[in-house]
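Colleague: Pasting in a structure now, in structure tokens, and then I'll have a few things to ask.
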Amino acid sequence: MSRSQTGIVSTPACHSCVLIYEVVDLPMNAMSVGQFSVMVPGFVSDVLKKYPGEKIACVVGFGPMFWLLAWHGKKPRRLRPFETLEARGREFPATEGDILFYLHANKVECLRDMVGYIDENLQGLVQPIDRVWGQSPAITFAEQESTMPDGVPELVFIDKHEADFFRGSFVLVQNFRHAPDETIQVAAPFQKMAQQFGRQEHLLIHSLPYRMEEDAGTLSMLFHSDPDAVDTVLEKSLEIPPGDDGVHWTDRLRPVSGARFFVPSIDVLTGLRMGGIRMNRFSPTRQYS
């Protein structure tokens, strides 16, 4: 039975880091970057040897062009790039991104070691597009595991009609800047519009507030199985009058980036690591229980 990547279904821990990279000379380096990327969840245990009792949740995703070049065009049927959306003089901009790593843990030192390991191994092969360190209210992994399993709707994941991608999910990563002293519920307008369209069970949102040296804002990660439906929800949310739900898209809250990735199941990642794609089919080694 296929399993989704655990970082999706667990509530974000105290500390998180989202890394988005663009691959340098993608046709030449896609396979090398891909071979390392699918191994990253396995490296978590090596990093944690220094931190007994700690955990790191890890999500790995790949952009549309990466699926085309690294995995020989084998990709989910609905995978397509995110394109800039505009309405009422406002916009959600589209930006670049080939590889996504989303890591969260209760101890920030774990994440720093993990990010350092990724940077070291991808040096010269990628250039950073976005790097955000978030901090959320304290919640332990034990609390996450006791509260989350029933809270993630199945419609967030691809169903069995696409057997190779079953339990995978698309994710749209958007960065919103706002004043350092403000707390804005970025997810509110998305949730409101999704409910109006009857799509609330098709969308899982992780909101990651952050504050760095010069910037502050919220990173929004929208996990979904239908990009067309989610883009409609996003476009309609731009039409919400200023002030509703405490959101001002153009003044207090400024969207600065947006990129879509596909997050395969753990089983597909394992298959890519152990055998890759053979004869345009995923290696059967991806299947395990």
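FYI, nothing fancy with the structure tokens labels: chains A, B, ... in order, residues from 1 per chain, ligands from 1 as they appear.
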Assign secondary structure with DSSP using the backbone only, and return the residues of segment 81-259 of chain A in strand (DSSP E or B) as a PyMOL selection string.

Modeller: chain A and resi 85-87+90-92+99-105+126-135+169-177+203-211+216-224+254-259

Colleague: Each residue of segment 173-253 of chain A with at least one atom at most 10 Å from segment 121-133 of chain A should appear once, together with its nearest atom pair and the corresponding distance in Å (one decimal); atoms considered: only C-alpha atoms; ordering: chain, then increasing residue number; output as JSON lines.

Modeller:
{"residue": "A:Asn175", "atom": "CA", "partner": "A:Asp130", "partner_atom": "CA", "distance": 8.9}
{"residue": "A:Leu208", "atom": "CA", "partner": "A:Trp133", "partner_atom": "CA", "distance": 8.5}
{"residue": "A:Pro209", "atom": "CA", "partner": "A:Trp133", "partner_atom": "CA", "distance": 8.5}
{"residue": "A:Tyr210", "atom": "CA", "partner": "A:Trp133", "partner_atom": "CA", "distance": 6.1}
{"residue": "A:Arg211", "atom": "CA", "partner": "A:Trp133", "partner_atom": "CA", "distance": 7.8}
{"residue": "A:Met212", "atom": "CA", "partner": "A:Trp133", "partner_atom": "CA", "distance": 7.7}
{"residue": "A:Asp215", "atom": "CA", "partner": "A:Val132", "partner_atom": "CA", "distance": 9.9}
{"residue": "A:Ala216", "atom": "CA", "partner": "A:Val132", "partner_atom": "CA", "distance": 9.8}
{"residue": "A:Gly217", "atom": "CA", "partner": "A:Val132", "partner_atom": "CA", "distance": 9.6}
{"residue": "A:Thr218", "atom": "CA", "partner": "A:Val132", "partner_atom": "CA", "distance": 9.2}
{"residue": "A:Leu219", "atom": "CA", "partner": "A:Val132", "partner_atom": "CA", "distance": 7.7}

Colleague: Run DSSP on the backbone and give me the residues of segment 35-224 of chain A it puts in alpha helix (DSSP H), as a PyMOL selection string.

Modeller: chain A and resi 35-37+40-47+64-70+108-122+141-147+187-196

Colleague: Please report, as CSV, each residue of segment 27-126 of chain A lying at most 12 Å from segment 155-161 of chain A, together with the nearest pair of atoms and the separation in Å rounded to one decimal; use only C-alpha atoms, and order rows by chain and ascending residue number.

Modeller:
residue,atom,partner,partner_atom,distance
A:Pro76,CA,A:Ile158,CA,8.8
A:Arg77,CA,A:Ile158,CA,10.1
A:Arg78,CA,A:Ile158,CA,9.9
A:Leu79,CA,A:Ile158,CA,11.3

Colleague: Just write the chosen residues, C-alpha atoms, as a compact mmCIF listing (two decimals), in the first residue's frame.

Modeller:
# COMPACT_ATOMS: atom_id res chain seq x y z
CA PRO A 76 1.21 12.81 -13.13
CA ARG A 77 -1.45 13.58 -15.69
CA ARG A 78 -2.38 16.96 -14.20
CA LEU A 79 1.11 18.25 -13.52

Colleague: Set the distance at 8 Å and use only C-alpha atoms: which residues neighbour Glu235 of chain A once local chain neighbours fewer than 5 positions away are removed? I'd like the list as a PyMOL selection string.

Modeller: chain A and resi 85-87

Colleague: Write out as JSON lines a residue-level contact list of segment 210-230 of chain A versus segment 190-202 of chain A with cut-off 9 Å: for each qualifying residue the closest pair of atoms and the distance in Å to one decimal, counting only C-alpha atoms, rows sorted by chain and residue number upward.

Modeller:
{"residue": "A:Phe223", "atom": "CA", "partner": "A:His202", "partner_atom": "CA", "distance": 8.2}
{"residue": "A:His224", "atom": "CA", "partner": "A:His202", "partner_atom": "CA", "distance": 5.7}
{"residue": "A:Ser225", "atom": "CA", "partner": "A:His202", "partner_atom": "CA", "distance": 6.7}
{"residue": "A:Asp226", "atom": "CA", "partner": "A:His202", "partner_atom": "CA", "distance": 7.6}
{"residue": "A:Ala229", "atom": "CA", "partner": "A:Arg199", "partner_atom": "CA", "distance": 7.8}
{"residue": "A:Val230", "atom": "CA", "partner": "A:Ala194", "partner_atom": "CA", "distance": 8.0}

Colleague: Find the distance between atom CA of Gly134 of chain A and atom CA of Ile8 of chain A and write it in Å to one decimal.

Modeller: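 Interatomic distance here is 15.8 Å.
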